[in-house]
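J.: So that we are looking at the same thing, I have put the structure below in structure tokens.
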There are 2 protein chains.
Amino acid sequence: MAAAAGVSITTVSDALNGKGRLPDATRRHVREVADRLGYRPSAAARTLRTGKSGLIGLTVTTYGDEPFTFTEFAYFAEMARAATSAALARGYALVILPATSRHDVWSNVALDGTVVIDPSDQDPVVSELVRQGLPVVSDGRPAGSLPVTAWVDNDHEAAVLGILDHLADAGARRIGLLTGTTTDTYTHLSTTAYLRWCERVGQDPVYEAYPAHDPCAGAVAADRLLARPDRPDAVYGLFDPNGTDLLAAARRYGLRVPDDLLLVCCSESTVYASTEPPVTTLSLKPRRIGTAVVQLLIDAIEGVDPDHPVEQVIPTELIVRTSSQRRPPRTTVSPPRSPKGT
Amino acid sequence: MAAAAGVSITTVSDALNGKGRLPDATRRHVREVADRLGYRPSAAARTLRTGKSGLIGLTVTTYGDEPFTFTEFAYFAEMARAATSAALARGYALVILPATSRHDVWSNVALDGTVVIDPSDQDPVVSELVRQGLPVVSDGRPAGSLPVTAWVDNDHEAAVLGILDHLADAGARRIGLLTGTTTDTYTHLSTTAYLRWCERVGQDPVYEAYPAHDPCAGAVAADRLLARPDRPDAVYGLFDPNGTDLLAAARRYGLRVPDDLLLVCCSESTVYASTEPPVTTLSLKPRRIGTAVVQLLIDAIEGVDPDHPVEQVIPTELIVRTSSQRRPPRTTVSPPRSPKGT
DNA sequence: TGATCTTGCAGAAACGTGTCTGTCAATGTG
DNA sequence: CACATTGACAGACACGTTTCTGCAAGATCA
């Protein structure tokens, strides 16, 4: 390359990177030759020299024995998508690296930092990364004393309390919970918030827990919850598929939603806008979380003083639909055109 | 590191990589010291020297003006997940790189090869990569004369024909299609197959097309299709959300599914197992596709003679549920326990 | 005993950058 | 005219590996 342009290696480097003292003519000449040759500087050499690879790891912890539940639900998909876009906008790319990955894969890729989704209590991967001096930002408040650089999370307790109040306002007398058996922070915080709320208002807790990674177990748990002698008249489901499972279970038992059963579930899926009836959902705003996580991480990588606090709480959004309103709002959404022959 | 173990750099490299002629004692000693120091060889230096980075690009083309529609639908999520697992099993990691990404991001990461999902006709990214000598494997038959190393796809024409026959067998007299306005191969092949089938059986085509990346447009198109004077008595929807949109539209027009309207849509989502009624879906088997694509790519990278052909066709699977059967099967799935008070 | 072979390891080159330092000419300054 | 300053570039080193070659010491052999 240097030979082709008739200049030294130094001049090429300076010309392409806009450094050094070069007349514009030389700069243009070098760039032109580079374009003509299709020359691309070696990423490996640049990384070796500068110590920066422009790569960010995206780590998803596993539920149970499943090898890898990336994008098991819409949340991860949305979050990963936003994170990728945010990283790209700042010149970084994301590398998908599950936490169960073999060690050699981790050490085979030069990372500038890592995003960890829902790290477990004593996550060995996180400890190892921190020990190497790499910044680690987690989606989800780190449990225990995990030494992450920063974290982003919703206020899950407030969200659950808000939903329970919302259901109680709609007339619910006994609110049930569909929760998970796993020990991650989300499940834990949400469940304890539910239990505390029950204690406060003097309601006996009514909940079923199941391994969240198993969709069939979710359907069974939904059915069990509605089959109980102390059947709730309102249910909040912590996981994405709970809504359709609960609707199906309600149909089996002849329960009308929302008349006999109020329903809310935590989901990012748009299907709940057009189910029968539409289901009220809690959105955790994964796009905002994914963006915030990446911004914090890149700030840490580049040594920028973060103008945001290193602990960010993203507000949730309750999207109220028919399933949680005893008296459904009078909808005036008429079909655009009346079909022929009706 | 070499100094700490009291040996030379060469010995360290040989000991850790299992090469050279070393007695087991030295090998063990070096590894022990490396463990104690938490030493990890530099990925950048290794890449620079060997020319292999262990990184595979995963490129998602964009629909319309959307910057990045990664995992817009369940298909991409499942496919990406399978691809990641398959890559990891062979010691590779995936880097997410949208096709619209700025050039500098592409050249900032050292890739061994790339997976391209649904490349467009004259995809400049693919051409550039091939010019650099990198293997490129595409998910989806490449349109035009795109010079990919290998590709994997379903037989979309056969799948559509099979569905249309299935609907006709169930009693459909006029089958409609919900399709897209984009020019990707999937949409194109499916639509022409539909048109050819119509011509063969002598039915007037009844279809609505909409920009597939816009979920609201999908709901509107579903509504329009059922509002037509020549309303179809069966519909096949090419995209994931079409099922719920069509169900909602059918409800608006008072059409019973499957009695008045037979329904099939192409989807990987499990929600269609528990909608009212459950919807027959066509699965494109994204897991098998993701796995196959990565295997082919890594074979090409490592110079392995592929024992599979470089053009692989993955069979689709039609999951027949209530929505496409005029006479629904007598279900004997009784609820596990009768709820109290019913 | 000297010659050849094997074993166990060290030296050094190369990968392709970024960057520090140095050189040479042209220009300004007293 | 001597000297400092500045512009425009080239040389050389370092990043941390992998790998080829080489060298000494012991083993084997004629």
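A note on labels: chains of the structure tokens are A, B, ... as shown, every chain counts residues from 1, and ligands are counted from 1 in their shown order.
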Residues of stretch 18-182 of chain A classed as strand (DSSP E) by DSSP on the backbone are to be reported as an MDAnalysis selection string.
T.: chainID A and resid 55:60 93:96 113:117 136:139 150:154 175:180
J.: Please identify every residue of chain D that has at least one atom no farther than 7 Å from an atom of chain B, counting only C-alpha atoms (C1' of nucleotides), and for each give the shortest atom pair and the distance in Å to one decimal, arranged by chain then increasing number, as JSON lines.
T.:
{"residue": "D:DG16", "atom": "C1'", "partner": "B:Ala45", "partner_atom": "CA", "distance": 5.1}
{"residue": "D:DT17", "atom": "C1'", "partner": "B:Ala45", "partner_atom": "CA", "distance": 4.8}
{"residue": "D:DT18", "atom": "C1'", "partner": "B:Arg49", "partner_atom": "CA", "distance": 6.2}
J.: Give the residues of chain A that lie within 7 Å of chain B; count only C-alpha atoms, and format the answer as a ChimeraX atom specification.
T.: /A:40,43-45,47-48,54,70-71,77,81,91-97,105,107-110,227-229,244-245,248,252-253,271,274-275,335,337-340
J.: Pick out the residues sitting within 12 Å of B:His308, and hand them over as number ranges by chain; count only C-alpha atoms (C1' of nucleotides), and ignore anything fewer than 2 positions along from it in its own chain.
T.: B: 150-152, 292-293, 295-297, 299-300, 304-306, 310-313
J.: Have a look at atom CA of B:Leu129 and atom CA of B:Met79 and let me know their distance in Å, one decimal.
T.: 21.9 Å
J.: Applying 9 Å and only C-alpha atoms (C1' of nucleotides), which residues near stretch 10-13 of chain C remain after dropping the ones on its own chain fewer than 5 positions away? List them as a list in words.
T.: Val7, Ser8, Ile9, Thr10 and Thr11 of chain B; DC20, DT21, DG22 and DC23 of chain D
J.: Can you tell me how far atom CA of A:Ile298 sits from atom CA of A:Ser138, in Å to one decimal?
T.: 12.8 Å
J.: At a cut-off of 12 Å, using only C-alpha atoms (C1' of nucleotides), what residues contact D:DC3? Leave out same-chain residues fewer than 4 positions from it and give the result as a list in words.
T.: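 The filter keeps DG28, DT29 and DG30 of chain C.
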J.: Just all heavy atoms for this one: save the residues we selected as a short mmCIF file (atom, residue, chain, number, x, y, z; two decimals), in the first residue's frame.
T.:
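What ended up in out-v9.cif:
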data_model
loop_
_atom_site.label_atom_id
_atom_site.label_comp_id
_atom_site.auth_asym_id
_atom_site.auth_seq_id
_atom_site.Cartn_x
_atom_site.Cartn_y
_atom_site.Cartn_z
P DG C 28 8.73 33.25 4.25
OP1 DG C 28 7.28 33.55 4.20
OP2 DG C 28 9.63 33.76 3.19
"O5'" DG C 28 9.29 33.71 5.66
"C5'" DG C 28 8.55 33.40 6.84
"C4'" DG C 28 9.44 33.52 8.05
"O4'" DG C 28 10.69 32.82 7.82
"C3'" DG C 28 9.81 34.95 8.46
"O3'" DG C 28 9.56 35.10 9.85
"C2'" DG C 28 11.31 35.04 8.16
"C1'" DG C 28 11.74 33.59 8.37
N9 DG C 28 12.99 33.22 7.71
C8 DG C 28 13.21 33.12 6.37
N7 DG C 28 14.43 32.75 6.07
C5 DG C 28 15.06 32.61 7.30
C6 DG C 28 16.38 32.22 7.61
O6 DG C 28 17.29 31.93 6.85
N1 DG C 28 16.60 32.18 8.99
C2 DG C 28 15.64 32.49 9.92
N2 DG C 28 16.02 32.41 11.21
N3 DG C 28 14.40 32.85 9.65
C4 DG C 28 14.18 32.88 8.31
P DT C 29 9.49 36.61 10.41
OP1 DT C 29 8.46 36.62 11.46
OP2 DT C 29 9.43 37.58 9.31
"O5'" DT C 29 10.94 36.75 11.09
"C5'" DT C 29 11.32 35.78 12.06
"C4'" DT C 29 12.68 36.14 12.64
"O4'" DT C 29 13.75 35.58 11.81
"C3'" DT C 29 12.98 37.64 12.77
"O3'" DT C 29 13.48 37.92 14.05
"C2'" DT C 29 14.04 37.89 11.68
"C1'" DT C 29 14.78 36.54 11.65
N1 DT C 29 15.47 36.26 10.38
C2 DT C 29 16.78 35.78 10.43
O2 DT C 29 17.38 35.58 11.44
N3 DT C 29 17.33 35.53 9.20
C4 DT C 29 16.74 35.72 7.96
O4 DT C 29 17.35 35.47 6.92
C5 DT C 29 15.39 36.23 7.99
C7 DT C 29 14.66 36.48 6.71
C6 DT C 29 14.81 36.48 9.18
P DG C 30 13.49 39.42 14.56
OP1 DG C 30 12.81 39.45 15.87
OP2 DG C 30 13.03 40.30 13.46
"O5'" DG C 30 15.04 39.68 14.80
"C5'" DG C 30 15.76 38.85 15.71
"C4'" DG C 30 17.25 39.01 15.45
"O4'" DG C 30 17.55 38.49 14.13
"C3'" DG C 30 17.77 40.46 15.49
"O3'" DG C 30 18.91 40.55 16.31
"C2'" DG C 30 18.14 40.77 14.04
"C1'" DG C 30 18.45 39.37 13.49
N9 DG C 30 18.24 39.26 12.04
C8 DG C 30 17.14 39.68 11.33
N7 DG C 30 17.23 39.45 10.05
C5 DG C 30 18.47 38.85 9.90
C6 DG C 30 19.12 38.37 8.74
O6 DG C 30 18.71 38.39 7.59
N1 DG C 30 20.36 37.82 9.04
C2 DG C 30 20.91 37.75 10.30
N2 DG C 30 22.10 37.19 10.38
N3 DG C 30 20.32 38.20 11.39
C4 DG C 30 19.10 38.73 11.12
#
J.: Between atom CA of A:Val235 and atom CA of A:Ile289, what is the distance in Å, rounded to a tenth?
T.: 26.2 Å
J.: Find the residue from C:DT7, C:DT1, C:DT19, C:DT27 that sits nearest to chain B; use only C-alpha atoms (C1' of nucleotides) when measuring.
T.: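 For chain B, the nearest of the candidates is C:DT7.
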J.: For chain C, which residues have at least one atom within 8 Å of chain B, if we go by only C-alpha atoms (C1' of nucleotides)? Write them as a PyMOL selection string, please.
T.: chain C and resi 7-10+14-16
J.: So that I have them on file, write out the residues from the current selection with N, CA, C and O atoms (P, O5', C5', C4', C3', O3' and C1' of nucleotides), as a PDB file, in the first residue's frame.
T.:
ATOM      1  P    DT C   7      12.747 -37.970  20.640  1.00  0.00           P
ATOM      2  O5'  DT C   7      13.214 -36.971  21.772  1.00  0.00           O
ATOM      3  C5'  DT C   7      14.078 -37.450  22.812  1.00  0.00           C
ATOM      4  C4'  DT C   7      14.530 -36.286  23.672  1.00  0.00           C
ATOM      5  C3'  DT C   7      13.418 -35.315  24.084  1.00  0.00           C
ATOM      6  O3'  DT C   7      13.460 -35.153  25.486  1.00  0.00           O
ATOM      7  C1'  DT C   7      15.273 -34.132  23.227  1.00  0.00           C
ATOM      8  P    DG C   8      12.317 -34.328  26.241  1.00  0.00           P
ATOM      9  O5'  DG C   8      12.968 -32.881  26.271  1.00  0.00           O
ATOM     10  C5'  DG C   8      14.042 -32.615  27.167  1.00  0.00           C
ATOM     11  C4'  DG C   8      14.373 -31.149  27.103  1.00  0.00           C
ATOM     12  C3'  DG C   8      13.168 -30.210  27.276  1.00  0.00           C
ATOM     13  O3'  DG C   8      13.504 -29.180  28.179  1.00  0.00           O
ATOM     14  C1'  DG C   8      14.328 -29.662  25.311  1.00  0.00           C
ATOM     15  P    DC C   9      12.306 -28.267  28.770  1.00  0.00           P
ATOM     16  O5'  DC C   9      12.541 -26.941  27.935  1.00  0.00           O
ATOM     17  C5'  DC C   9      13.713 -26.221  28.245  1.00  0.00           C
ATOM     18  C4'  DC C   9      14.228 -25.529  27.014  1.00  0.00           C
ATOM     19  C3'  DC C   9      13.614 -24.167  26.716  1.00  0.00           C
ATOM     20  O3'  DC C   9      14.343 -23.183  27.427  1.00  0.00           O
ATOM     21  C1'  DC C   9      14.304 -25.380  24.767  1.00  0.00           C
ATOM     22  P    DA C  10      13.769 -21.713  27.589  1.00  0.00           P
ATOM     23  O5'  DA C  10      14.661 -20.929  26.531  1.00  0.00           O
ATOM     24  C5'  DA C  10      16.063 -21.126  26.530  1.00  0.00           C
ATOM     25  C4'  DA C  10      16.681 -20.451  25.316  1.00  0.00           C
ATOM     26  C3'  DA C  10      16.210 -19.017  25.074  1.00  0.00           C
ATOM     27  O3'  DA C  10      17.335 -18.223  24.712  1.00  0.00           O
ATOM     28  C1'  DA C  10      15.759 -20.354  23.168  1.00  0.00           C
ATOM     29  P    DA C  14      11.507 -11.380   8.285  1.00  0.00           P
ATOM     30  O5'  DA C  14       9.920 -11.411   8.401  1.00  0.00           O
ATOM     31  C5'  DA C  14       9.234 -12.659   8.348  1.00  0.00           C
ATOM     32  C4'  DA C  14       7.876 -12.503   8.975  1.00  0.00           C
ATOM     33  C3'  DA C  14       7.160 -11.194   8.626  1.00  0.00           C
ATOM     34  O3'  DA C  14       6.013 -11.485   7.855  1.00  0.00           O
ATOM     35  C1'  DA C  14       6.974 -11.725  10.945  1.00  0.00           C
ATOM     36  P    DC C  15       5.319 -10.287   7.040  1.00  0.00           P
ATOM     37  O5'  DC C  15       3.839 -10.236   7.613  1.00  0.00           O
ATOM     38  C5'  DC C  15       3.152 -11.409   8.044  1.00  0.00           C
ATOM     39  C4'  DC C  15       2.111 -11.028   9.055  1.00  0.00           C
ATOM     40  C3'  DC C  15       1.646  -9.582   8.940  1.00  0.00           C
ATOM     41  O3'  DC C  15       0.488  -9.537   8.127  1.00  0.00           O
ATOM     42  C1'  DC C  15       2.014 -10.232  11.233  1.00  0.00           C
ATOM     43  P    DG C  16       0.522  -8.489   6.892  1.00  0.00           P
ATOM     44  O5'  DG C  16       0.069  -7.116   7.562  1.00  0.00           O
ATOM     45  C5'  DG C  16      -1.181  -7.080   8.234  1.00  0.00           C
ATOM     46  C4'  DG C  16      -1.276  -5.821   9.050  1.00  0.00           C
ATOM     47  C3'  DG C  16      -1.020  -4.533   8.261  1.00  0.00           C
ATOM     48  O3'  DG C  16      -2.022  -3.615   8.620  1.00  0.00           O
ATOM     49  C1'  DG C  16       0.319  -4.592  10.188  1.00  0.00           C
TER      50       DG C  16
END
J.: Could you list, as an MDAnalysis selection string, every residue within 10 Å of stretch 28-30 of chain D, counting only C-alpha atoms (C1' of nucleotides) and ignoring same-chain residues fewer than 2 positions away?
T.: (chainID C and resid 2:6) or (chainID D and resid 26)
J.: With a distance cut-off of 9 Å and only C-alpha atoms (C1' of nucleotides), select the neighbouring residues of B:Val12, excluding the residue or stretch itself and same-chain residues fewer than 3 positions from it, and output the selection as a count of residues only.
T.: 13
